[in-house]
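Listing of model.cif, mmCIF, C-alpha atoms (C1' of nucleotides); chains and numbers go by the auth columns
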data_my_file
loop_
_atom_site.group_PDB
_atom_site.id
_atom_site.type_symbol
_atom_site.label_atom_id
_atom_site.label_comp_id
_atom_site.label_asym_id
_atom_site.label_seq_id
_atom_site.Cartn_x
_atom_site.Cartn_y
_atom_site.Cartn_z
_atom_site.B_iso_or_equiv
_atom_site.auth_seq_id
_atom_site.auth_asym_id
ATOM 1 C CA MET A 1 -51.780 -52.989 6.493 0.00 29 Y
ATOM 2 C CA THR A 2 -53.260 -55.762 8.577 0.00 30 Y
ATOM 3 C CA ILE A 3 -56.850 -56.927 8.517 0.00 31 Y
ATOM 4 C CA THR A 4 -57.327 -55.466 11.974 0.00 32 Y
ATOM 5 C CA GLU A 5 -56.165 -52.071 10.751 0.00 33 Y
ATOM 6 C CA ALA A 6 -58.288 -52.350 7.631 0.00 34 Y
ATOM 7 C CA THR A 7 -61.305 -53.082 9.777 0.00 35 Y
ATOM 8 C CA GLN A 8 -60.599 -49.934 11.788 0.00 36 Y
ATOM 9 C CA VAL A 9 -60.366 -47.892 8.571 0.00 37 Y
ATOM 10 C CA GLN A 10 -63.719 -49.271 7.475 0.00 38 Y
ATOM 11 C CA ASN A 11 -65.316 -48.382 10.779 0.00 39 Y
ATOM 12 C CA GLU A 12 -64.026 -44.822 10.445 0.00 40 Y
ATOM 13 C CA LEU A 13 -65.079 -44.414 6.812 0.00 41 Y
ATOM 14 C CA ARG A 14 -68.467 -45.858 7.649 0.00 42 Y
ATOM 15 C CA GLU A 15 -69.417 -42.710 9.485 0.00 43 Y
ATOM 16 C CA LYS A 16 -68.890 -40.669 6.339 0.00 44 Y
ATOM 17 C CA VAL A 17 -71.259 -42.712 4.176 0.00 45 Y
ATOM 18 C CA ARG A 18 -74.374 -40.810 3.167 0.00 46 Y
ATOM 19 C CA ILE A 19 -77.466 -42.704 2.079 0.00 47 Y
ATOM 20 C CA GLN A 20 -79.737 -40.155 0.460 0.00 48 Y
ATOM 21 C CA PRO A 21 -81.928 -39.614 -2.607 0.00 49 Y
ATOM 22 C CA ILE A 22 -80.378 -38.260 -5.781 0.00 50 Y
ATOM 23 C CA ASP A 23 -81.915 -34.813 -6.163 0.00 51 Y
ATOM 24 C CA TYR A 24 -80.347 -33.699 -9.408 0.00 52 Y
ATOM 25 C CA PRO A 25 -80.534 -34.839 -13.023 0.00 53 Y
ATOM 26 C CA VAL A 26 -78.262 -37.703 -13.991 0.00 54 Y
ATOM 27 C CA ASN A 27 -76.682 -37.069 -17.372 0.00 55 Y
ATOM 28 C CA ILE A 28 -73.454 -39.027 -17.106 0.00 56 Y
ATOM 29 C CA ILE A 29 -72.812 -42.312 -15.366 0.00 57 Y
ATOM 30 C CA ALA A 30 -69.734 -44.486 -15.216 0.00 58 Y
ATOM 31 C CA GLY A 31 -68.765 -48.083 -14.702 0.00 59 Y
ATOM 32 C CA ALA A 32 -65.594 -49.242 -12.938 0.00 60 Y
ATOM 33 C CA ASP A 33 -63.829 -52.560 -13.010 0.00 61 Y
ATOM 34 C CA ILE A 34 -60.503 -54.275 -12.403 0.00 62 Y
ATOM 35 C CA SER A 35 -58.721 -57.102 -14.187 0.00 63 Y
ATOM 36 C CA PHE A 36 -55.547 -58.880 -13.165 0.00 64 Y
ATOM 37 C CA ASN A 37 -53.266 -61.796 -13.762 0.00 65 Y
ATOM 38 C CA LYS A 38 -53.635 -64.509 -11.188 0.00 66 Y
ATOM 39 C CA PHE A 39 -49.886 -64.831 -10.667 0.00 67 Y
ATOM 40 C CA SER A 40 -48.957 -61.167 -10.799 0.00 68 Y
ATOM 41 C CA THR A 41 -49.316 -58.114 -8.576 0.00 69 Y
ATOM 42 C CA THR A 42 -50.196 -55.945 -11.568 0.00 70 Y
ATOM 43 C CA VAL A 43 -53.804 -54.884 -11.878 0.00 71 Y
ATOM 44 C CA TYR A 44 -55.534 -53.096 -14.713 0.00 72 Y
ATOM 45 C CA ALA A 45 -58.224 -50.634 -13.703 0.00 73 Y
ATOM 46 C CA GLY A 46 -60.722 -48.867 -15.857 0.00 74 Y
ATOM 47 C CA ILE A 47 -63.646 -46.470 -15.665 0.00 75 Y
ATOM 48 C CA ILE A 48 -65.919 -45.896 -18.618 0.00 76 Y
ATOM 49 C CA LEU A 49 -68.118 -42.840 -18.982 0.00 77 Y
ATOM 50 C CA LEU A 50 -71.567 -43.239 -20.507 0.00 78 Y
ATOM 51 C CA SER A 51 -74.256 -40.712 -21.344 0.00 79 Y
ATOM 52 C CA PHE A 52 -77.492 -41.283 -19.465 0.00 80 Y
ATOM 53 C CA PRO A 53 -80.043 -42.591 -20.064 0.00 81 Y
ATOM 54 C CA ASP A 54 -79.026 -43.332 -23.646 0.00 82 Y
ATOM 55 C CA LEU A 55 -75.882 -45.175 -22.519 0.00 83 Y
ATOM 56 C CA LYS A 56 -73.580 -44.033 -25.295 0.00 84 Y
ATOM 57 C CA PRO A 57 -69.854 -44.514 -24.459 0.00 85 Y
ATOM 58 C CA LEU A 58 -68.199 -41.108 -24.019 0.00 86 Y
ATOM 59 C CA GLY A 59 -64.706 -42.240 -23.139 0.00 87 Y
ATOM 60 C CA TYR A 60 -62.648 -44.464 -20.886 0.00 88 Y
ATOM 61 C CA SER A 61 -59.850 -44.094 -18.391 0.00 89 Y
ATOM 62 C CA LEU A 62 -57.351 -46.947 -18.103 0.00 90 Y
ATOM 63 C CA ILE A 63 -54.476 -47.400 -15.698 0.00 91 Y
ATOM 64 C CA LYS A 64 -52.009 -50.113 -14.708 0.00 92 Y
ATOM 65 C CA LYS A 65 -50.875 -50.392 -11.097 0.00 93 Y
ATOM 66 C CA GLU A 66 -49.083 -52.653 -8.656 0.00 94 Y
ATOM 67 C CA VAL A 67 -51.136 -53.927 -5.737 0.00 95 Y
ATOM 68 C CA HIS A 68 -50.032 -55.875 -2.700 0.00 96 Y
ATOM 69 C CA PHE A 69 -53.131 -56.188 -0.596 0.00 97 Y
ATOM 70 C CA PRO A 70 -54.576 -59.656 -1.256 0.00 98 Y
ATOM 71 C CA TYR A 71 -58.175 -60.412 -1.979 0.00 99 Y
ATOM 72 C CA VAL A 72 -59.918 -61.056 1.311 0.00 100 Y
ATOM 73 C CA PRO A 73 -63.723 -61.314 1.402 0.00 101 Y
ATOM 74 C CA GLY A 74 -64.977 -58.172 3.113 0.00 102 Y
ATOM 75 C CA TYR A 75 -61.852 -56.171 2.264 0.00 103 Y
ATOM 76 C CA LEU A 76 -62.027 -55.951 -1.507 0.00 104 Y
ATOM 77 C CA ALA A 77 -61.742 -52.169 -1.407 0.00 105 Y
ATOM 78 C CA PHE A 78 -58.217 -52.273 -0.012 0.00 106 Y
ATOM 79 C CA ARG A 79 -57.130 -54.187 -3.083 0.00 107 Y
ATOM 80 C CA GLU A 80 -59.036 -52.308 -5.769 0.00 108 Y
ATOM 81 C CA VAL A 81 -59.716 -48.745 -4.643 0.00 109 Y
ATOM 82 C CA PRO A 82 -56.147 -47.394 -5.083 0.00 110 Y
ATOM 83 C CA ALA A 83 -56.073 -48.346 -8.772 0.00 111 Y
ATOM 84 C CA LEU A 84 -59.618 -47.105 -9.298 0.00 112 Y
ATOM 85 C CA LEU A 85 -58.691 -43.758 -7.758 0.00 113 Y
ATOM 86 C CA ASP A 86 -55.892 -43.373 -10.296 0.00 114 Y
ATOM 87 C CA ALA A 87 -58.342 -44.065 -13.099 0.00 115 Y
ATOM 88 C CA TRP A 88 -60.807 -41.691 -11.473 0.00 116 Y
ATOM 89 C CA GLU A 89 -58.334 -38.823 -11.386 0.00 117 Y
ATOM 90 C CA GLN A 90 -57.738 -39.191 -15.100 0.00 118 Y
ATOM 91 C CA LEU A 91 -61.369 -38.451 -15.898 0.00 119 Y
ATOM 92 C CA PRO A 92 -61.839 -35.036 -17.539 0.00 120 Y
ATOM 93 C CA VAL A 93 -65.359 -34.909 -16.105 0.00 121 Y
ATOM 94 C CA LYS A 94 -66.756 -36.834 -13.175 0.00 122 Y
ATOM 95 C CA PRO A 95 -69.929 -38.903 -13.593 0.00 123 Y
ATOM 96 C CA ASP A 96 -73.147 -38.080 -11.733 0.00 124 Y
ATOM 97 C CA VAL A 97 -73.164 -41.673 -10.467 0.00 125 Y
ATOM 98 C CA LEU A 98 -70.521 -44.399 -10.495 0.00 126 Y
ATOM 99 C CA VAL A 99 -71.456 -48.071 -10.792 0.00 127 Y
ATOM 100 C CA VAL A 100 -68.924 -50.272 -9.010 0.00 128 Y
ATOM 101 C CA ASP A 101 -68.474 -53.995 -9.560 0.00 129 Y
ATOM 102 C CA GLY A 102 -69.096 -55.235 -6.015 0.00 130 Y
ATOM 103 C CA HIS A 103 -71.307 -54.305 -3.068 0.00 131 Y
ATOM 104 C CA GLY A 104 -72.104 -50.935 -1.543 0.00 132 Y
ATOM 105 C CA ILE A 105 -73.474 -51.156 1.995 0.00 133 Y
ATOM 106 C CA ALA A 106 -74.474 -54.808 1.476 0.00 134 Y
ATOM 107 C CA HIS A 107 -71.433 -55.701 3.527 0.00 135 Y
ATOM 108 C CA PRO A 108 -70.878 -57.147 7.032 0.00 136 Y
ATOM 109 C CA ARG A 109 -69.853 -53.694 8.296 0.00 137 Y
ATOM 110 C CA ARG A 110 -71.780 -51.765 5.623 0.00 138 Y
ATOM 111 C CA MET A 111 -68.548 -50.757 3.919 0.00 139 Y
ATOM 112 C CA GLY A 112 -68.350 -52.568 0.610 0.00 140 Y
ATOM 113 C CA ILE A 113 -66.147 -51.238 -2.177 0.00 141 Y
ATOM 114 C CA ALA A 114 -68.798 -48.923 -3.621 0.00 142 Y
ATOM 115 C CA ALA A 115 -69.347 -47.260 -0.248 0.00 143 Y
ATOM 116 C CA HIS A 116 -65.597 -47.110 0.377 0.00 144 Y
ATOM 117 C CA PHE A 117 -64.808 -45.576 -3.008 0.00 145 Y
ATOM 118 C CA GLY A 118 -67.776 -43.244 -2.798 0.00 146 Y
ATOM 119 C CA VAL A 119 -66.546 -41.789 0.487 0.00 147 Y
ATOM 120 C CA VAL A 120 -62.881 -41.560 -0.511 0.00 148 Y
ATOM 121 C CA ALA A 121 -63.707 -39.905 -3.845 0.00 149 Y
ATOM 122 C CA ASP A 122 -66.611 -38.005 -2.283 0.00 150 Y
ATOM 123 C CA THR A 123 -68.929 -39.005 -5.088 0.00 151 Y
ATOM 124 C CA PRO A 124 -72.256 -40.772 -5.636 0.00 152 Y
ATOM 125 C CA ALA A 125 -71.611 -44.491 -6.071 0.00 153 Y
ATOM 126 C CA LEU A 126 -73.605 -47.691 -6.040 0.00 154 Y
ATOM 127 C CA GLY A 127 -72.658 -51.340 -5.949 0.00 155 Y
ATOM 128 C CA CYS A 128 -73.850 -53.982 -8.373 0.00 156 Y
ATOM 129 C CA ALA A 129 -72.508 -57.447 -7.506 0.00 157 Y
ATOM 130 C CA LYS A 130 -72.945 -60.839 -9.081 0.00 158 Y
ATOM 131 C CA LYS A 131 -72.928 -62.735 -5.776 0.00 159 Y
ATOM 132 C CA VAL A 132 -74.015 -62.086 -2.217 0.00 160 Y
ATOM 133 C CA LEU A 133 -71.424 -61.314 0.445 0.00 161 Y
ATOM 134 C CA CYS A 134 -73.793 -61.271 3.399 0.00 162 Y
ATOM 135 C CA GLY A 135 -77.498 -61.228 4.016 0.00 163 Y
ATOM 136 C CA LYS A 136 -80.409 -63.324 2.860 0.00 164 Y
ATOM 137 C CA TYR A 137 -83.070 -62.870 0.221 0.00 165 Y
ATOM 138 C CA GLU A 138 -85.968 -64.694 -1.322 0.00 166 Y
ATOM 139 C CA GLU A 139 -85.726 -65.588 -4.966 0.00 167 Y
ATOM 140 C CA PRO A 140 -87.249 -62.759 -7.012 0.00 168 Y
ATOM 141 C CA GLY A 141 -89.805 -63.459 -9.730 0.00 169 Y
ATOM 142 C CA LEU A 142 -88.403 -64.975 -12.894 0.00 170 Y
ATOM 143 C CA THR A 143 -89.185 -61.983 -15.076 0.00 171 Y
ATOM 144 C CA LYS A 144 -86.962 -59.014 -15.817 0.00 172 Y
ATOM 145 C CA GLY A 145 -87.375 -56.226 -13.285 0.00 173 Y
ATOM 146 C CA SER A 146 -88.476 -58.489 -10.424 0.00 174 Y
ATOM 147 C CA PHE A 147 -86.632 -57.898 -7.175 0.00 175 Y
ATOM 148 C CA THR A 148 -86.620 -58.797 -3.503 0.00 176 Y
ATOM 149 C CA PRO A 149 -84.921 -57.147 -0.539 0.00 177 Y
ATOM 150 C CA LEU A 150 -81.510 -58.313 0.630 0.00 178 Y
ATOM 151 C CA ILE A 151 -81.637 -58.421 4.410 0.00 179 Y
ATOM 152 C CA HIS A 152 -78.870 -58.662 6.976 0.00 180 Y
ATOM 153 C CA LYS A 153 -79.458 -58.398 10.713 0.00 181 Y
ATOM 154 C CA GLU A 154 -83.021 -57.137 10.318 0.00 182 Y
ATOM 155 C CA GLU A 155 -81.838 -54.429 7.956 0.00 183 Y
ATOM 156 C CA ILE A 156 -82.540 -53.948 4.255 0.00 184 Y
ATOM 157 C CA ILE A 157 -79.086 -53.502 2.781 0.00 185 Y
ATOM 158 C CA GLY A 158 -79.832 -53.928 -0.903 0.00 186 Y
ATOM 159 C CA ALA A 159 -81.887 -55.853 -3.420 0.00 187 Y
ATOM 160 C CA ALA A 160 -81.680 -58.981 -5.553 0.00 188 Y
ATOM 161 C CA LEU A 161 -82.664 -57.781 -9.006 0.00 189 Y
ATOM 162 C CA ARG A 162 -83.503 -59.924 -12.018 0.00 190 Y
ATOM 163 C CA THR A 163 -82.070 -57.995 -14.957 0.00 191 Y
ATOM 164 C CA ARG A 164 -83.351 -60.415 -17.585 0.00 192 Y
ATOM 165 C CA ASP A 165 -85.922 -63.183 -17.711 0.00 193 Y
ATOM 166 C CA LYS A 166 -84.759 -66.361 -16.061 0.00 194 Y
ATOM 167 C CA VAL A 167 -81.160 -65.319 -15.344 0.00 195 Y
ATOM 168 C CA LYS A 168 -79.570 -65.221 -11.902 0.00 196 Y
ATOM 169 C CA PRO A 169 -80.233 -61.917 -10.137 0.00 197 Y
ATOM 170 C CA VAL A 170 -77.600 -59.251 -9.500 0.00 198 Y
ATOM 171 C CA PHE A 171 -77.312 -57.542 -6.126 0.00 199 Y
ATOM 172 C CA VAL A 172 -77.736 -53.804 -5.964 0.00 200 Y
ATOM 173 C CA SER A 173 -76.961 -51.620 -2.973 0.00 201 Y
ATOM 174 C CA PRO A 174 -76.271 -47.951 -2.368 0.00 202 Y
ATOM 175 C CA GLY A 175 -72.649 -46.957 -1.889 0.00 203 Y
ATOM 176 C CA ASN A 176 -72.598 -43.251 -1.118 0.00 204 Y
ATOM 177 C CA LYS A 177 -74.743 -40.174 -1.799 0.00 205 Y
ATOM 178 C CA ILE A 178 -77.545 -42.313 -3.209 0.00 206 Y
ATOM 179 C CA ASP A 179 -80.260 -44.518 -1.728 0.00 207 Y
ATOM 180 C CA LEU A 180 -81.523 -47.970 -2.660 0.00 208 Y
ATOM 181 C CA GLN A 181 -84.395 -46.598 -4.715 0.00 209 Y
ATOM 182 C CA GLY A 182 -82.014 -44.419 -6.681 0.00 210 Y
ATOM 183 C CA ALA A 183 -79.540 -47.240 -7.159 0.00 211 Y
ATOM 184 C CA MET A 184 -82.290 -49.572 -8.378 0.00 212 Y
ATOM 185 C CA SER A 185 -83.566 -46.919 -10.756 0.00 213 Y
ATOM 186 C CA ILE A 186 -80.134 -46.344 -12.247 0.00 214 Y
ATOM 187 C CA ILE A 187 -79.401 -50.031 -12.690 0.00 215 Y
ATOM 188 C CA ASN A 188 -82.801 -50.740 -14.179 0.00 216 Y
ATOM 189 C CA GLN A 189 -82.093 -48.108 -16.803 0.00 217 Y
ATOM 190 C CA CYS A 190 -78.624 -49.512 -17.463 0.00 218 Y
ATOM 191 C CA VAL A 191 -79.750 -52.984 -18.405 0.00 219 Y
ATOM 192 C CA GLY A 192 -79.199 -53.723 -22.042 0.00 220 Y
ATOM 193 C CA LYS A 193 -79.099 -57.061 -23.753 0.00 221 Y
ATOM 194 C CA TYR A 194 -77.172 -58.820 -21.012 0.00 222 Y
ATOM 195 C CA ARG A 195 -77.492 -59.841 -17.388 0.00 223 Y
ATOM 196 C CA ILE A 196 -74.698 -57.491 -16.338 0.00 224 Y
ATOM 197 C CA PRO A 197 -75.633 -53.791 -16.614 0.00 225 Y
ATOM 198 C CA GLU A 198 -73.837 -51.814 -19.332 0.00 226 Y
ATOM 199 C CA PRO A 199 -71.548 -49.687 -17.127 0.00 227 Y
ATOM 200 C CA THR A 200 -69.998 -52.745 -15.490 0.00 228 Y
ATOM 201 C CA ARG A 201 -69.988 -54.811 -18.650 0.00 229 Y
ATOM 202 C CA GLN A 202 -68.346 -52.147 -20.774 0.00 230 Y
ATOM 203 C CA ALA A 203 -65.801 -51.301 -18.092 0.00 231 Y
ATOM 204 C CA HIS A 204 -64.964 -54.984 -17.911 0.00 232 Y
ATOM 205 C CA ASN A 205 -64.548 -55.198 -21.684 0.00 233 Y
ATOM 206 C CA ALA A 206 -62.353 -52.105 -21.856 0.00 234 Y
ATOM 207 C CA VAL A 207 -60.100 -53.294 -19.058 0.00 235 Y
ATOM 208 C CA ASN A 208 -59.681 -56.700 -20.653 0.00 236 Y
ATOM 209 C CA GLU A 209 -58.717 -55.168 -23.989 0.00 237 Y
ATOM 210 C CA PHE A 210 -56.289 -52.948 -22.113 0.00 238 Y
ATOM 211 C CA ARG A 211 -54.731 -55.946 -20.427 0.00 239 Y
ATOM 212 C CA LYS A 212 -54.381 -57.685 -23.782 0.00 240 Y
ATOM 213 C CA GLY A 213 -52.578 -54.656 -25.156 0.00 241 Y
ATOM 214 C CA ASN A 214 -55.338 -53.548 -27.492 0.00 242 Y
ATOM 215 C CA LEU A 215 -56.004 -50.269 -25.672 0.00 243 Y
ATOM 216 C CA GLU A 216 -53.644 -47.708 -24.189 0.00 244 Y
ATOM 217 C CA ALA A 217 -53.352 -46.272 -20.703 0.00 245 Y
ATOM 218 C CA GLY A 218 -54.727 -42.810 -20.028 0.00 246 Y
ATOM 219 C CA PHE A 219 -58.048 -41.259 -20.939 0.00 247 Y
ATOM 220 C CA THR A 220 -59.465 -41.765 -24.393 0.00 248 Y
ATOM 221 C CA THR A 221 -62.351 -39.708 -25.694 0.00 249 Y
ATOM 222 C CA LEU A 222 -64.772 -41.563 -27.916 0.00 250 Y
ATOM 223 C CA SER A 223 -66.326 -39.791 -30.843 0.00 251 Y
ATOM 224 C "C1'" DG B 1 -67.660 -74.607 16.762 0.00 14 I
ATOM 225 C "C1'" DC B 2 -69.310 -74.526 11.731 0.00 15 I
ATOM 226 C "C1'" DG B 3 -70.261 -72.658 7.359 0.00 16 I
ATOM 227 C "C1'" DA B 4 -69.962 -68.792 4.166 0.00 17 I
ATOM 228 C "C1'" DC B 5 -67.117 -65.867 1.724 0.00 18 I
ATOM 229 C "C1'" DA B 6 -67.947 -59.252 -3.425 0.00 19 I
ATOM 230 C "C1'" DG B 7 -63.553 -59.625 -6.905 0.00 20 I
ATOM 231 C "C1'" DA C 1 -61.299 -62.859 -10.307 0.00 10 G
ATOM 232 C "C1'" DT C 2 -58.594 -66.228 -13.928 0.00 11 G
ATOM 233 C "C1'" DC C 3 -58.088 -70.499 -16.852 0.00 12 G
ATOM 234 C "C1'" DT C 4 -60.449 -73.439 -19.988 0.00 13 G
ATOM 235 C "C1'" DT C 5 -63.654 -77.249 -23.566 0.00 14 G
ATOM 236 C "C1'" DG C 6 -67.314 -78.682 -24.671 0.00 15 G
ATOM 237 C "C1'" DT C 7 -72.157 -78.163 -24.452 0.00 16 G
ATOM 238 C "C1'" DC C 8 -77.072 -76.785 -23.550 0.00 17 G
ATOM 239 C "C1'" DG C 9 -80.712 -73.476 -24.768 0.00 18 G
ATOM 240 C "C1'" DC C 10 -83.120 -69.584 -27.087 0.00 19 G
#

Could you take the file, read its structure, and then write that structure out as structure tokens?
Amino acid sequence: MTITEATQVQNELREKVRIQPIDYPVNIIAGADISFNKFSTTVYAGIILLSFPDLKPLGYSLIKKEVHFPYVPGYLAFREVPALLDAWEQLPVKPDVLVVDGHGIAHPRRMGIAAHFGVVADTPALGCAKKVLCGKYEEPGLTKGSFTPLIHKEEIIGAALRTRDKVKPVFVSPGNKIDLQGAMSIINQCVGKYRIPEPTRQAHNAVNEFRKGNLEAGFTTLS
DNA sequence: GCGACAG
DNA sequence: ATCTTGTCGC
């Protein structure tokens, strides 16, 4: 697939994105992440299920897959979504909201990985990224919970959120079937002791252990 | 044309 | 993102 074709796919998927309030109780959330070897085409994907709002790990889905699409800013989904979908299909129950490591609509064409995955899997998803892809924002207050809007072309596409005092902010944006307020609410309730929210952090940890051979592929229920 | 650029 | 050592701060 060429970049031109990928762009066309994004423009088509874009019309299926739904930005709307969450109008049901959220009892289970999930975090998704990918890990890979710099000189290999093998990627390790994982999704961890957490109870909400108590954030207790319920289980994790791990999968290994070959990828050939390179990392290109603005096209991250084409590299990571296939593996994440495999991990997604292994889940015995789907989460009420999925937290993806990357942007939702805070993207040049409003189709970041969280929006892309959300549409393809037809599920509520939000993006929580560590860096900006596009848009500008003013530095939020230095205290935990402070946030400012992330703006691109006169449009509010997300928010810069300080998850802890005096740490760099993370960037939250809706992906699909959720709105910015809902995404901010979820992330605010997912912040534990670290800058990175628990769903993303725990997914990252699980995937790394998997890559090191300390965890097995498939779904594992935690007791 | 120039700079910026999720993971 | 990954690799990688020491180092600064709470």

Tell me which of Y:Val37, Y:Leu78, Y:Ile91, Y:Ala157 sits closest to chain I, counting all atoms listed in the file.
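Closest residue, counting all atoms listed in the file: Y:Ala157.
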
Dump as JSON lines the rows for residues of chain G within 12 Å of chain Y: closest atom pair and distance in Å with one decimal, only C-alpha atoms (C1' of nucleotides) counted, ordered by chain and rising residue number.
{"residue": "G:DA10", "atom": "C1'", "partner": "Y:Ser63", "partner_atom": "CA", "distance": 7.4}
{"residue": "G:DT11", "atom": "C1'", "partner": "Y:Lys66", "partner_atom": "CA", "distance": 5.9}
{"residue": "G:DC12", "atom": "C1'", "partner": "Y:Lys66", "partner_atom": "CA", "distance": 9.4}
{"residue": "G:DG18", "atom": "C1'", "partner": "Y:Lys194", "partner_atom": "CA", "distance": 12.0}
{"residue": "G:DC19", "atom": "C1'", "partner": "Y:Lys194", "partner_atom": "CA", "distance": 11.6}

Using the chain letters and numbers from the file, give me the residues hit by the PyMOL selection byres ((chain Y) within 8 of (chain I)), as a PyMOL selection string.
chain Y and resi 99+101-102+104+129-131+140+157-161

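Coordinates place CA of Ile185 in chain Y at a distance of 23.8 Å from CA of Pro123 in chain Y.
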
Note to self: Need the shell around range 203-219 of chain Y: protein/DNA/RNA residues with any atom at most 6 Å away, counting only C-alpha atoms (C1' of nucleotides). Skip same-chain ones fewer than 6 positions apart. Format as a list in words?
What the structure shows: Val45, Arg46, Ile47, Gln48, Pro49, Ile50, Gly132, Ile133, Ala142, Ala143, Gly146, Pro152, Ala153, Leu154, Gly155, Pro225 and Glu226 of chain Y

Could you expand the PyMOL selection byres ((chain Y and resi 92) around 8) into the explicit residues it covers here, written as an mmCIF file with C-alpha atoms, keeping the file's coordinate frame?
data_model
loop_
_atom_site.group_PDB
_atom_site.id
_atom_site.type_symbol
_atom_site.label_atom_id
_atom_site.label_comp_id
_atom_site.auth_asym_id
_atom_site.auth_seq_id
_atom_site.Cartn_x
_atom_site.Cartn_y
_atom_site.Cartn_z
ATOM 1 C CA THR Y 70 -50.196 -55.945 -11.568
ATOM 2 C CA VAL Y 71 -53.804 -54.884 -11.878
ATOM 3 C CA TYR Y 72 -55.534 -53.096 -14.713
ATOM 4 C CA ALA Y 73 -58.224 -50.634 -13.703
ATOM 5 C CA LEU Y 90 -57.351 -46.947 -18.103
ATOM 6 C CA ILE Y 91 -54.476 -47.400 -15.698
ATOM 7 C CA LYS Y 93 -50.875 -50.392 -11.097
ATOM 8 C CA GLU Y 94 -49.083 -52.653 -8.656
ATOM 9 C CA ALA Y 111 -56.073 -48.346 -8.772
ATOM 10 C CA ALA Y 245 -53.352 -46.272 -20.703
#

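Counting from CA of Thr228 in chain Y, the distance to CA of Gly59 in chain Y is 4.9 Å.
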
Could you complete range 206-218 of chain Y so that it carries N, CA, C and O atoms, and give it back as an mmCIF file, in the frame of the given file?
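Writing the result to rebuild04.cif gives the following:
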data_model
loop_
_atom_site.group_PDB
_atom_site.id
_atom_site.type_symbol
_atom_site.label_atom_id
_atom_site.label_comp_id
_atom_site.auth_asym_id
_atom_site.auth_seq_id
_atom_site.Cartn_x
_atom_site.Cartn_y
_atom_site.Cartn_z
ATOM 1 N N ILE Y 206 -76.452 -41.762 -2.413
ATOM 2 C CA ILE Y 206 -77.545 -42.313 -3.209
ATOM 3 C C ILE Y 206 -78.290 -43.243 -2.252
ATOM 4 O O ILE Y 206 -77.750 -43.603 -1.204
ATOM 5 N N ASP Y 207 -79.532 -43.582 -2.581
ATOM 6 C CA ASP Y 207 -80.260 -44.518 -1.728
ATOM 7 C C ASP Y 207 -80.620 -45.747 -2.571
ATOM 8 O O ASP Y 207 -80.319 -45.788 -3.767
ATOM 9 N N LEU Y 208 -81.224 -46.736 -1.938
ATOM 10 C CA LEU Y 208 -81.523 -47.970 -2.660
ATOM 11 C C LEU Y 208 -82.461 -47.736 -3.840
ATOM 12 O O LEU Y 208 -82.267 -48.306 -4.911
ATOM 13 N N GLN Y 209 -83.467 -46.879 -3.627
ATOM 14 C CA GLN Y 209 -84.395 -46.598 -4.715
ATOM 15 C C GLN Y 209 -83.663 -45.991 -5.908
ATOM 16 O O GLN Y 209 -83.884 -46.354 -7.048
ATOM 17 N N GLY Y 210 -82.775 -45.058 -5.612
ATOM 18 C CA GLY Y 210 -82.014 -44.419 -6.681
ATOM 19 C C GLY Y 210 -81.092 -45.402 -7.377
ATOM 20 O O GLY Y 210 -80.966 -45.401 -8.601
ATOM 21 N N ALA Y 211 -80.465 -46.250 -6.595
ATOM 22 C CA ALA Y 211 -79.540 -47.240 -7.159
ATOM 23 C C ALA Y 211 -80.301 -48.210 -8.057
ATOM 24 O O ALA Y 211 -79.850 -48.552 -9.158
ATOM 25 N N MET Y 212 -81.462 -48.636 -7.586
ATOM 26 C CA MET Y 212 -82.290 -49.572 -8.378
ATOM 27 C C MET Y 212 -82.737 -48.908 -9.679
ATOM 28 O O MET Y 212 -82.733 -49.526 -10.742
ATOM 29 N N SER Y 213 -83.111 -47.652 -9.573
ATOM 30 C CA SER Y 213 -83.566 -46.919 -10.756
ATOM 31 C C SER Y 213 -82.455 -46.820 -11.798
ATOM 32 O O SER Y 213 -82.666 -47.067 -12.984
ATOM 33 N N ILE Y 214 -81.274 -46.472 -11.330
ATOM 34 C CA ILE Y 214 -80.134 -46.344 -12.247
ATOM 35 C C ILE Y 214 -79.839 -47.682 -12.918
ATOM 36 O O ILE Y 214 -79.722 -47.772 -14.144
ATOM 37 N N ILE Y 215 -79.728 -48.712 -12.118
ATOM 38 C CA ILE Y 215 -79.401 -50.031 -12.690
ATOM 39 C C ILE Y 215 -80.482 -50.518 -13.651
ATOM 40 O O ILE Y 215 -80.179 -51.050 -14.720
ATOM 41 N N ASN Y 216 -81.718 -50.307 -13.276
ATOM 42 C CA ASN Y 216 -82.801 -50.740 -14.179
ATOM 43 C C ASN Y 216 -82.682 -50.075 -15.540
ATOM 44 O O ASN Y 216 -83.000 -50.675 -16.561
ATOM 45 N N GLN Y 217 -82.228 -48.834 -15.539
ATOM 46 C CA GLN Y 217 -82.093 -48.108 -16.803
ATOM 47 C C GLN Y 217 -80.770 -48.406 -17.510
ATOM 48 O O GLN Y 217 -80.530 -47.920 -18.614
ATOM 49 N N CYS Y 218 -79.922 -49.172 -16.861
ATOM 50 C CA CYS Y 218 -78.624 -49.512 -17.463
ATOM 51 C C CYS Y 218 -78.594 -50.926 -18.023
ATOM 52 O O CYS Y 218 -77.568 -51.386 -18.508
#
